[in-house]
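Content type compact mmCIF, C-alpha atoms, from the file structure-v4.txt:
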```txt
# COMPACT_ATOMS: atom_id res chain seq x y z
CA MET A 1 17.08 25.72 -60.17
CA LEU A 2 18.59 22.46 -61.38
CA VAL A 3 17.83 19.59 -63.68
CA ILE A 4 19.55 16.48 -62.38
CA GLU A 5 19.78 13.66 -64.89
CA LEU A 6 20.45 10.14 -63.69
CA ILE A 7 21.94 7.69 -66.16
CA TYR A 8 21.75 4.07 -65.02
CA GLN A 9 25.07 2.22 -64.97
CA LYS A 10 23.64 -1.20 -64.08
CA SER A 11 20.69 -3.34 -65.19
CA LEU A 12 17.12 -2.48 -64.25
CA ILE A 13 17.10 -5.64 -62.13
CA GLU A 14 19.84 -4.09 -59.97
CA VAL A 15 18.21 -0.63 -60.02
CA ASP A 16 14.85 -2.03 -58.93
CA LYS A 17 16.42 -3.61 -55.83
CA TYR A 18 16.96 -0.07 -54.47
CA LEU A 19 13.99 1.73 -56.03
CA GLU A 20 11.92 2.01 -52.84
CA GLU A 21 14.93 3.34 -50.89
CA HIS A 22 15.60 5.83 -53.70
CA ARG A 23 11.98 7.01 -53.62
CA ALA A 24 12.14 7.42 -49.82
CA TRP A 25 15.28 9.55 -50.27
CA LEU A 26 13.40 11.69 -52.81
CA GLU A 27 10.37 11.99 -50.51
CA GLU A 28 12.53 13.51 -47.76
CA ALA A 29 13.63 16.22 -50.20
CA TYR A 30 10.03 16.83 -51.30
CA GLN A 31 9.05 17.28 -47.64
CA GLN A 32 11.80 19.90 -47.30
CA GLY A 33 10.53 21.77 -50.36
CA LEU A 34 13.68 21.05 -52.38
CA LEU A 35 12.11 19.26 -55.36
CA LEU A 36 9.52 20.18 -57.97
CA ALA A 37 9.29 16.94 -59.94
CA SER A 38 11.05 13.63 -60.54
CA GLY A 39 10.57 10.44 -62.48
CA PRO A 40 12.02 7.88 -64.87
CA LYS A 41 13.07 8.75 -68.39
CA GLN A 42 11.32 6.98 -71.24
CA PRO A 43 12.80 4.61 -72.23
CA ARG A 44 13.76 3.76 -68.67
CA GLU A 45 17.50 4.32 -68.86
CA GLY A 46 17.66 6.76 -65.96
CA GLY A 47 15.65 9.55 -64.41
CA ILE A 48 15.13 13.29 -64.11
CA ILE A 49 14.89 15.42 -60.96
CA ILE A 50 13.96 19.11 -61.01
CA ALA A 51 15.39 20.66 -57.87
CA LEU A 52 15.38 23.97 -56.03
CA MET A 53 18.93 24.03 -54.67
CA ASP A 54 22.37 25.15 -55.74
CA LYS A 55 24.87 22.87 -57.44
CA GLU A 56 27.10 22.33 -54.40
CA THR A 57 24.12 21.41 -52.21
CA ALA A 58 22.95 19.01 -54.93
CA ARG A 59 26.36 17.33 -55.13
CA GLN A 60 26.28 16.71 -51.38
CA TRP A 61 22.62 15.65 -51.38
CA ILE A 62 23.20 13.10 -54.14
CA THR A 63 25.70 11.19 -51.99
CA ALA A 64 22.81 10.02 -49.79
CA ASP A 65 20.93 8.49 -52.74
CA PRO A 66 20.96 4.67 -52.59
CA PHE A 67 21.50 4.68 -56.38
CA TYR A 68 24.70 6.68 -55.82
CA GLN A 69 25.83 4.60 -52.85
CA HIS A 70 25.45 1.34 -54.80
CA HIS A 71 27.06 2.75 -57.98
CA LEU A 72 23.84 2.31 -59.96
CA ALA A 73 23.66 5.75 -61.58
CA GLU A 74 25.77 8.57 -62.91
CA TYR A 75 24.50 12.12 -62.28
CA LYS A 76 24.57 15.12 -64.59
CA ILE A 77 23.65 18.44 -62.96
CA THR A 78 22.49 21.32 -65.14
CA GLU A 79 21.83 24.66 -63.50
CA PHE A 80 19.48 27.12 -65.14
CA GLN A 81 17.80 30.41 -64.38
CA ALA A 82 14.05 30.23 -64.76
CA VAL A 83 12.85 33.46 -66.34
CA LYS A 84 9.38 32.26 -67.25
CA TYR A 85 7.29 29.96 -65.08
CA CYS A 86 3.76 29.21 -63.94
CA THR A 87 2.21 31.28 -61.13
CA GLU A 88 2.42 28.32 -58.70
CA LEU A 89 6.22 28.62 -58.80
CA ALA A 90 6.36 32.39 -58.30
CA ASN A 91 7.31 32.14 -54.61
CA LYS A 92 9.90 29.37 -55.21
CA VAL A 93 11.85 30.75 -58.18
CA LYS A 94 14.41 33.47 -57.52
```

Represent the structure of the file as structure tokens.
Amino acid sequence: MLVIELIYQKSLIEVDKYLEEHRAWLEEAYQQGLLLASGPKQPREGGIIIALMDKETARQWITADPFYQHHLAEYKITEFQAVKYCTELANKVK
């Protein structure tokens, strides 16, 4: 399981130009069962994605993000082992 932190490198005006494309990219991963949650940080200086994939897969997946392609965000990937979780995640967490 991963926490992927996005840190915006450009203004929100620039980020917002690609927000719908970014959300479509996320939606594809949700449809594949790769994501648990995502959303903007508060204050809105980036975002958080909670993903069900390994680090190498995440690195490759990120390259398709419009925010990555347009140099709008930096990505920090933190891998962790979930040892306690809600029952809804029991079949997803290994």

- Message: What does the structure give for the distance between CA of Arg44 in chain A and CA of Ile7 in chain A, in Å to one decimal?
- Response: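 Answer for the CA of Arg44 in chain A to CA of Ile7 in chain A separation: 9.4 Å.
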
- Note on the structure: Separating CA of Lys10 in chain A from CA of Trp61 in chain A, to the nearest tenth of an Å, is a gap of 21.1 Å

- Could you check which of A:Thr57, A:Lys84, A:Asn91, A:Gly39 is closest to Arg23 in chain A, using only C-alpha atoms? A:Gly39

- Task: Report the distance between CA of Ile48 in chain A and CA of Gln60 in chain A in Å, rounded to one decimal place.
- Result: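 We find that CA of Ile48 in chain A and CA of Gln60 in chain A lie 17.3 Å from each other.
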
- Message: Please list as number ranges by chain every residue within 10 Å of Leu12 in chain A, counting all atoms listed in the file and excluding residues in the same chain fewer than 5 positions away.
- Response: A: 17, 19, 44-46, 72

- Message: So, with only C-alpha atoms as the atoms that count, which of A:Tyr18, A:Gln69, A:Met53, A:Ser38 lies closest to Val93 in chain A?
- Response: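 Among the listed residues, the smallest separation from Val93 in chain A belongs to A:Met53.
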
- Item | Residue contacts of Val83 in chain A (12 Å, only C-alpha atoms) excluding same-chain residues fewer than 4 positions away, as a PyMOL selection string | chain A and resi 1+89-90+93-94

- Shortest interatomic distance to Glu28 in chain A - which of A:Glu56, A:Asp65, A:Glu88, A:Asp16, counting all atoms listed in the file: A:Asp65

- Task: Write out as a list in words the residues lying within 12 Å of Ala64 in chain A, counting only C-alpha atoms and excluding same-chain residues fewer than 5 positions away.
- Result: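 My reading of the contact set: Glu21, His22, Arg23, Ala24, Trp25, Leu26, Glu28, Ala29, Thr57, Ala58, Arg59, Gln69, His70 and His71 of chain A.
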
Please produce a file of those selected residues containing C-alpha atoms, as an mmCIF file, in the frame of the given file.
```cif
data_model
loop_
_atom_site.group_PDB
_atom_site.id
_atom_site.type_symbol
_atom_site.label_atom_id
_atom_site.label_comp_id
_atom_site.auth_asym_id
_atom_site.auth_seq_id
_atom_site.Cartn_x
_atom_site.Cartn_y
_atom_site.Cartn_z
ATOM 1 C CA GLU A 21 14.930 3.340 -50.890
ATOM 2 C CA HIS A 22 15.600 5.830 -53.700
ATOM 3 C CA ARG A 23 11.980 7.010 -53.620
ATOM 4 C CA ALA A 24 12.140 7.420 -49.820
ATOM 5 C CA TRP A 25 15.280 9.550 -50.270
ATOM 6 C CA LEU A 26 13.400 11.690 -52.810
ATOM 7 C CA GLU A 28 12.530 13.510 -47.760
ATOM 8 C CA ALA A 29 13.630 16.220 -50.200
ATOM 9 C CA THR A 57 24.120 21.410 -52.210
ATOM 10 C CA ALA A 58 22.950 19.010 -54.930
ATOM 11 C CA ARG A 59 26.360 17.330 -55.130
ATOM 12 C CA GLN A 69 25.830 4.600 -52.850
ATOM 13 C CA HIS A 70 25.450 1.340 -54.800
ATOM 14 C CA HIS A 71 27.060 2.750 -57.980
#
```

- Query: Taking into account all atoms listed in the file, which residue in the set A:Asp54, A:Gln32, A:Leu6, A:Pro40 is nearest to Gln81 in chain A?
  - Reply: A:Asp54

- List the neighbours of Ile77 in chain A out to 8 Å using all atoms listed in the file; skip same-chain residues closer than 6 positions along the sequence, and give me the result as a count of residues only. 5

- Task: Would you please work out which residue, of A:Ile49, A:Cys86, A:Pro43, A:Ile13, is nearest to Glu27 in chain A when using only C-alpha atoms?
- Result: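 Comparing A:Ile49, A:Cys86, A:Pro43, A:Ile13 against Glu27 in chain A, the winner is A:Ile49.
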
- Message: So, with only C-alpha atoms as the atoms that count, which of A:Leu52, A:Glu14, A:Tyr68, A:Tyr8 lies closest to Leu35 in chain A?
- Response: A:Leu52

Can you rebuild range 7-39 of chain A with N, CA and C atoms and give it as a PDB file, in the frame of the given file?
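Once written, part_37.pdb looks like this:
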```
ATOM      1  N   ILE A   7      21.722   8.640 -65.081  1.00  0.00           N
ATOM      2  CA  ILE A   7      21.940   7.690 -66.160  1.00  0.00           C
ATOM      3  C   ILE A   7      22.331   6.370 -65.498  1.00  0.00           C
ATOM      4  N   TYR A   8      21.483   5.360 -65.669  1.00  0.00           N
ATOM      5  CA  TYR A   8      21.750   4.070 -65.020  1.00  0.00           C
ATOM      6  C   TYR A   8      23.029   3.447 -65.556  1.00  0.00           C
ATOM      7  N   GLN A   9      23.812   2.883 -64.651  1.00  0.00           N
ATOM      8  CA  GLN A   9      25.070   2.220 -64.970  1.00  0.00           C
ATOM      9  C   GLN A   9      24.969   0.713 -64.821  1.00  0.00           C
ATOM     10  N   LYS A  10      23.847   0.248 -64.282  1.00  0.00           N
ATOM     11  CA  LYS A  10      23.640  -1.200 -64.080  1.00  0.00           C
ATOM     12  C   LYS A  10      22.269  -1.571 -64.656  1.00  0.00           C
ATOM     13  N   SER A  11      21.962  -2.844 -64.637  1.00  0.00           N
ATOM     14  CA  SER A  11      20.690  -3.340 -65.190  1.00  0.00           C
ATOM     15  C   SER A  11      19.508  -2.856 -64.355  1.00  0.00           C
ATOM     16  N   LEU A  12      18.333  -2.851 -64.970  1.00  0.00           N
ATOM     17  CA  LEU A  12      17.120  -2.480 -64.250  1.00  0.00           C
ATOM     18  C   LEU A  12      16.832  -3.444 -63.103  1.00  0.00           C
ATOM     19  N   ILE A  13      17.259  -4.676 -63.221  1.00  0.00           N
ATOM     20  CA  ILE A  13      17.100  -5.640 -62.130  1.00  0.00           C
ATOM     21  C   ILE A  13      17.840  -5.134 -60.891  1.00  0.00           C
ATOM     22  N   GLU A  14      19.062  -4.643 -61.078  1.00  0.00           N
ATOM     23  CA  GLU A  14      19.840  -4.090 -59.970  1.00  0.00           C
ATOM     24  C   GLU A  14      19.222  -2.792 -59.461  1.00  0.00           C
ATOM     25  N   VAL A  15      18.825  -1.916 -60.376  1.00  0.00           N
ATOM     26  CA  VAL A  15      18.210  -0.630 -60.020  1.00  0.00           C
ATOM     27  C   VAL A  15      16.954  -0.866 -59.186  1.00  0.00           C
ATOM     28  N   ASP A  16      16.118  -1.787 -59.614  1.00  0.00           N
ATOM     29  CA  ASP A  16      14.850  -2.030 -58.930  1.00  0.00           C
ATOM     30  C   ASP A  16      15.024  -2.540 -57.498  1.00  0.00           C
ATOM     31  N   LYS A  17      16.160  -3.143 -57.198  1.00  0.00           N
ATOM     32  CA  LYS A  17      16.420  -3.610 -55.830  1.00  0.00           C
ATOM     33  C   LYS A  17      16.451  -2.442 -54.842  1.00  0.00           C
ATOM     34  N   TYR A  18      16.813  -1.247 -55.329  1.00  0.00           N
ATOM     35  CA  TYR A  18      16.960  -0.070 -54.470  1.00  0.00           C
ATOM     36  C   TYR A  18      15.946   1.025 -54.780  1.00  0.00           C
ATOM     37  N   LEU A  19      14.948   0.714 -55.596  1.00  0.00           N
ATOM     38  CA  LEU A  19      13.990   1.730 -56.030  1.00  0.00           C
ATOM     39  C   LEU A  19      13.187   2.315 -54.877  1.00  0.00           C
ATOM     40  N   GLU A  20      12.710   1.493 -53.969  1.00  0.00           N
ATOM     41  CA  GLU A  20      11.920   2.010 -52.840  1.00  0.00           C
ATOM     42  C   GLU A  20      12.777   2.903 -51.936  1.00  0.00           C
ATOM     43  N   GLU A  21      14.022   2.507 -51.694  1.00  0.00           N
ATOM     44  CA  GLU A  21      14.930   3.340 -50.890  1.00  0.00           C
ATOM     45  C   GLU A  21      15.198   4.670 -51.593  1.00  0.00           C
ATOM     46  N   HIS A  22      15.385   4.620 -52.901  1.00  0.00           N
ATOM     47  CA  HIS A  22      15.600   5.830 -53.700  1.00  0.00           C
ATOM     48  C   HIS A  22      14.386   6.753 -53.594  1.00  0.00           C
ATOM     49  N   ARG A  23      13.198   6.201 -53.711  1.00  0.00           N
ATOM     50  CA  ARG A  23      11.980   7.010 -53.620  1.00  0.00           C
ATOM     51  C   ARG A  23      11.798   7.599 -52.220  1.00  0.00           C
ATOM     52  N   ALA A  24      12.194   6.883 -51.186  1.00  0.00           N
ATOM     53  CA  ALA A  24      12.140   7.420 -49.820  1.00  0.00           C
ATOM     54  C   ALA A  24      13.110   8.594 -49.673  1.00  0.00           C
ATOM     55  N   TRP A  25      14.290   8.468 -50.268  1.00  0.00           N
ATOM     56  CA  TRP A  25      15.280   9.550 -50.270  1.00  0.00           C
ATOM     57  C   TRP A  25      14.703  10.787 -50.969  1.00  0.00           C
ATOM     58  N   LEU A  26      14.041  10.573 -52.110  1.00  0.00           N
ATOM     59  CA  LEU A  26      13.400  11.690 -52.810  1.00  0.00           C
ATOM     60  C   LEU A  26      12.296  12.316 -51.964  1.00  0.00           C
ATOM     61  N   GLU A  27      11.501  11.492 -51.310  1.00  0.00           N
ATOM     62  CA  GLU A  27      10.370  11.990 -50.510  1.00  0.00           C
ATOM     63  C   GLU A  27      10.855  12.928 -49.404  1.00  0.00           C
ATOM     64  N   GLU A  28      11.981  12.616 -48.788  1.00  0.00           N
ATOM     65  CA  GLU A  28      12.530  13.510 -47.760  1.00  0.00           C
ATOM     66  C   GLU A  28      12.800  14.897 -48.344  1.00  0.00           C
ATOM     67  N   ALA A  29      13.341  14.941 -49.553  1.00  0.00           N
ATOM     68  CA  ALA A  29      13.630  16.220 -50.200  1.00  0.00           C
ATOM     69  C   ALA A  29      12.348  16.955 -50.584  1.00  0.00           C
ATOM     70  N   TYR A  30      11.330  16.204 -51.013  1.00  0.00           N
ATOM     71  CA  TYR A  30      10.030  16.830 -51.300  1.00  0.00           C
ATOM     72  C   TYR A  30       9.462  17.464 -50.024  1.00  0.00           C
ATOM     73  N   GLN A  31       9.565  16.758 -48.911  1.00  0.00           N
ATOM     74  CA  GLN A  31       9.050  17.280 -47.640  1.00  0.00           C
ATOM     75  C   GLN A  31       9.769  18.547 -47.217  1.00  0.00           C
ATOM     76  N   GLN A  32      11.021  18.698 -47.619  1.00  0.00           N
ATOM     77  CA  GLN A  32      11.800  19.900 -47.300  1.00  0.00           C
ATOM     78  C   GLN A  32      11.595  21.021 -48.319  1.00  0.00           C
ATOM     79  N   GLY A  33      10.781  20.763 -49.346  1.00  0.00           N
ATOM     80  CA  GLY A  33      10.530  21.770 -50.360  1.00  0.00           C
ATOM     81  C   GLY A  33      11.664  21.961 -51.348  1.00  0.00           C
ATOM     82  N   LEU A  34      12.512  20.939 -51.510  1.00  0.00           N
ATOM     83  CA  LEU A  34      13.680  21.050 -52.380  1.00  0.00           C
ATOM     84  C   LEU A  34      13.453  20.561 -53.805  1.00  0.00           C
ATOM     85  N   LEU A  35      12.355  19.837 -54.036  1.00  0.00           N
ATOM     86  CA  LEU A  35      12.110  19.260 -55.360  1.00  0.00           C
ATOM     87  C   LEU A  35      10.781  19.710 -55.929  1.00  0.00           C
ATOM     88  N   LEU A  36      10.754  19.850 -57.261  1.00  0.00           N
ATOM     89  CA  LEU A  36       9.520  20.180 -57.970  1.00  0.00           C
ATOM     90  C   LEU A  36       8.916  18.961 -58.657  1.00  0.00           C
ATOM     91  N   ALA A  37       9.779  18.111 -59.210  1.00  0.00           N
ATOM     92  CA  ALA A  37       9.290  16.940 -59.940  1.00  0.00           C
ATOM     93  C   ALA A  37      10.429  15.936 -60.086  1.00  0.00           C
ATOM     94  N   SER A  38      10.055  14.674 -60.294  1.00  0.00           N
ATOM     95  CA  SER A  38      11.050  13.630 -60.540  1.00  0.00           C
ATOM     96  C   SER A  38      10.349  12.448 -61.185  1.00  0.00           C
ATOM     97  N   GLY A  39      11.125  11.643 -61.884  1.00  0.00           N
ATOM     98  CA  GLY A  39      10.570  10.440 -62.480  1.00  0.00           C
ATOM     99  C   GLY A  39      11.516   9.807 -63.477  1.00  0.00           C
TER     100      GLY A  39
END
```
